[in-house]
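Peer 1: Have a look at the structure that comes next, please.
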Amino acid sequence: MVEKLYVTYNQVHKLCQKSAERILNDFKPNLMIAIGGGGYVPARILRSFLKRPGSANIPIQAIGLSLYESLTTDSAVEEPGTKVTRTQWLDLSSLEMANLIGKNVLIVDEVDDTRTTLEYAVKELQKDVETATKKLGRDAEKTRFSIFVLHNKDKHKKGNLPQDMLDENRYLAALTVPDVWICYPWEATDIDEHDRLAESQSVQ
């Protein structure tokens, strides 16, 4: 039996709120890239807490990466795959990529499990930005990537993040949890039952 942790929308909201001050002070993001589908909701919530008076909302762009495969024994549980698949990406020929150059870019996802997806996202985005930087002759502009996740699973990671990102503390997990299966509210088909299960965990 796989141990499950049920997370509510309110908990996600508060994790984003709790993390916003450090993100503003340390990362100073100009733009967010949400990894779909789990990064969409936290990125949107986070944007409200990152808005400074008199300034515009931080833009959110989206990429889609898939690493999970359904298990036949339990359709509600998935296991990590071995290959990252792009389901959505930024258009290298458009303003989407040019807008990243010289910016502080915050990559947002819901969970750091094996770290394979995050490693892929950072490496590929860095590579594409470098290509666009050279193409547009903007070599003097430095692009910095940071990462925010709601949950980091306390386990051995298969993927690796750039050493300078770790050295400069440009990785933030709102909460570190044991290696359990996390059930997020946006995956629930019955939100009332989901919240009931979350409540039952909190009183144990």
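Residues in the structure tokens are named by chain (A, B, ... in the order shown) and by number from 1 within that chain; ligands are numbered from 1 in the order shown.
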Would you mind listing what lies within 8 Å of region 154-161 of chain A as a PyMOL selection string, with only C-alpha atoms counted and same-chain residues fewer than 2 positions away left out?
Peer 2: chain A and resi 113-119+122+152+163+165-166+176-179
Peer 1: Extract, using only C-alpha atoms, all DNA, RNA and protein residues at most 12 Å from region 91-101 of chain A, discarding same-chain residues fewer than 4 positions from it, and format them as a compact mmCIF listing (two decimals) with N, CA, C and O atoms, in the first residue's frame.
Peer 2:
```txt
# COMPACT_ATOMS: atom_id res chain seq x y z
N PRO A 29 12.36 37.75 -9.13
CA PRO A 29 11.96 37.28 -10.46
C PRO A 29 11.27 38.36 -11.30
O PRO A 29 10.50 39.16 -10.79
N ASN A 30 11.62 38.37 -12.59
CA ASN A 30 10.93 39.23 -13.57
C ASN A 30 9.87 38.44 -14.32
O ASN A 30 8.99 39.02 -14.96
N LEU A 31 10.00 37.11 -14.26
CA LEU A 31 9.15 36.24 -15.08
C LEU A 31 9.10 34.86 -14.44
O LEU A 31 10.08 34.41 -13.85
N MET A 32 7.97 34.19 -14.56
CA MET A 32 7.84 32.82 -14.07
C MET A 32 7.61 31.86 -15.23
O MET A 32 6.92 32.20 -16.20
N ILE A 33 8.17 30.67 -15.11
CA ILE A 33 7.86 29.59 -16.04
C ILE A 33 7.26 28.45 -15.22
O ILE A 33 7.92 27.89 -14.35
N PRO A 59 4.83 38.20 -15.41
CA PRO A 59 4.27 37.32 -16.44
C PRO A 59 4.55 35.85 -16.13
O PRO A 59 5.57 35.50 -15.53
N ILE A 60 3.63 34.99 -16.55
CA ILE A 60 3.79 33.54 -16.40
C ILE A 60 3.79 32.90 -17.79
O ILE A 60 2.86 33.10 -18.57
N GLN A 61 4.84 32.19 -18.11
CA GLN A 61 4.88 31.36 -19.31
C GLN A 61 4.80 29.90 -18.87
O GLN A 61 5.00 29.60 -17.70
N ALA A 62 4.50 29.02 -19.80
CA ALA A 62 4.27 27.62 -19.43
C ALA A 62 5.05 26.67 -20.34
O ALA A 62 5.19 26.91 -21.54
N ILE A 63 5.57 25.62 -19.72
CA ILE A 63 6.13 24.50 -20.47
C ILE A 63 5.47 23.22 -19.95
O ILE A 63 5.02 23.18 -18.81
N VAL A 105 14.54 34.46 -13.92
CA VAL A 105 13.43 33.58 -14.29
C VAL A 105 13.19 32.57 -13.17
O VAL A 105 14.11 31.84 -12.78
N LEU A 106 11.98 32.53 -12.66
CA LEU A 106 11.60 31.58 -11.60
C LEU A 106 10.84 30.41 -12.21
O LEU A 106 9.76 30.59 -12.76
N ILE A 107 11.41 29.22 -12.11
CA ILE A 107 10.75 28.00 -12.57
C ILE A 107 9.92 27.44 -11.42
O ILE A 107 10.43 27.27 -10.30
N GLU A 124 17.62 22.60 -20.48
CA GLU A 124 17.09 22.92 -21.80
C GLU A 124 16.77 24.39 -21.94
O GLU A 124 16.99 25.00 -22.99
N LEU A 125 16.24 25.00 -20.88
CA LEU A 125 15.95 26.43 -20.93
C LEU A 125 17.25 27.24 -21.02
O LEU A 125 17.34 28.21 -21.78
N GLN A 126 18.27 26.85 -20.26
CA GLN A 126 19.56 27.53 -20.33
C GLN A 126 20.14 27.44 -21.74
O GLN A 126 20.64 28.42 -22.28
N LYS A 127 20.05 26.24 -22.31
CA LYS A 127 20.59 26.02 -23.65
C LYS A 127 19.85 26.88 -24.69
O LYS A 127 20.48 27.52 -25.54
N ASP A 128 18.53 26.93 -24.59
CA ASP A 128 17.75 27.72 -25.54
C ASP A 128 17.98 29.22 -25.37
O ASP A 128 18.00 29.96 -26.36
N VAL A 129 18.14 29.67 -24.13
CA VAL A 129 18.41 31.09 -23.89
C VAL A 129 19.78 31.46 -24.46
O VAL A 129 19.95 32.53 -25.06
N GLU A 130 20.76 30.59 -24.28
CA GLU A 130 22.09 30.85 -24.83
C GLU A 130 22.04 30.97 -26.35
O GLU A 130 22.67 31.85 -26.94
N THR A 131 21.27 30.09 -26.97
CA THR A 131 21.11 30.13 -28.43
C THR A 131 20.46 31.45 -28.86
O THR A 131 20.93 32.12 -29.80
N ALA A 132 19.40 31.84 -28.17
CA ALA A 132 18.70 33.07 -28.51
C ALA A 132 19.58 34.29 -28.22
O ALA A 132 19.56 35.27 -28.99
N THR A 133 20.37 34.24 -27.15
CA THR A 133 21.25 35.35 -26.79
C THR A 133 22.27 35.61 -27.89
O THR A 133 22.51 36.76 -28.29
N LYS A 134 22.87 34.54 -28.39
CA LYS A 134 23.87 34.67 -29.46
C LYS A 134 23.22 35.15 -30.76
O LYS A 134 23.75 36.00 -31.46
N LYS A 135 22.06 34.59 -31.06
CA LYS A 135 21.36 34.94 -32.29
C LYS A 135 20.99 36.42 -32.32
O LYS A 135 21.05 37.08 -33.37
N LEU A 136 20.62 36.97 -31.16
CA LEU A 136 20.18 38.36 -31.10
C LEU A 136 21.30 39.32 -30.71
O LEU A 136 21.07 40.52 -30.58
N GLY A 137 22.50 38.78 -30.49
CA GLY A 137 23.64 39.63 -30.15
C GLY A 137 23.52 40.31 -28.80
O GLY A 137 23.93 41.46 -28.63
N ARG A 138 22.94 39.59 -27.83
CA ARG A 138 22.72 40.18 -26.50
C ARG A 138 23.58 39.47 -25.44
O ARG A 138 23.14 39.22 -24.33
N ASP A 139 24.83 39.17 -25.80
CA ASP A 139 25.71 38.38 -24.94
C ASP A 139 26.00 39.04 -23.60
O ASP A 139 26.37 38.36 -22.64
N ALA A 140 25.87 40.34 -23.51
CA ALA A 140 26.20 41.04 -22.27
C ALA A 140 25.12 40.86 -21.21
O ALA A 140 25.35 41.16 -20.02
N GLU A 141 23.95 40.39 -21.60
CA GLU A 141 22.83 40.25 -20.66
C GLU A 141 22.82 38.86 -20.01
O GLU A 141 22.82 37.86 -20.71
N LYS A 142 22.83 38.84 -18.69
CA LYS A 142 22.88 37.56 -17.96
C LYS A 142 21.49 37.13 -17.53
O LYS A 142 20.73 37.90 -16.94
N THR A 143 21.16 35.88 -17.83
CA THR A 143 19.87 35.30 -17.42
C THR A 143 20.11 34.38 -16.23
O THR A 143 21.00 33.54 -16.26
N ARG A 144 19.34 34.57 -15.17
CA ARG A 144 19.48 33.74 -13.97
C ARG A 144 18.21 32.95 -13.74
O ARG A 144 17.11 33.51 -13.73
N PHE A 145 18.36 31.66 -13.53
CA PHE A 145 17.23 30.79 -13.24
C PHE A 145 17.20 30.43 -11.75
O PHE A 145 18.24 30.16 -11.15
```
Peer 1: In terms of the shortest atom-to-atom distance over only C-alpha atoms, which of A:Ala34, A:Ala198, A:Leu46, A:Val2 is closest to Gln88 (chain A)?
Peer 2: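 When distances to Gln88 (chain A) are compared using only C-alpha atoms, the smallest one comes from A:Ala34.
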Peer 1: For Thr87 (chain A), which residue out of A:Leu197, A:Val41, A:Ala174, A:Ile35 is the nearest one, using only C-alpha atoms?
Peer 2: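 Once distances to Thr87 (chain A) are computed over only C-alpha atoms, the minimum belongs to A:Ile35.
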Peer 1: Within 10 Å of region 11-23 of chain A, counting only C-alpha atoms, which residues qualify if same-chain residues fewer than 2 places away don't, as a VMD selection string?
Peer 2: chain A and resid 6 to 9 25 to 29 41 to 51 106 110 146 to 151 170 to 175 184 to 185
Peer 1: Can you list, as a PyMOL selection string, every residue of chain A that DSSP puts in strand (DSSP E)?
Peer 2: chain A and resi 4-6+31-36+60-70+78-88+104-112+144-153+171-177+181-183
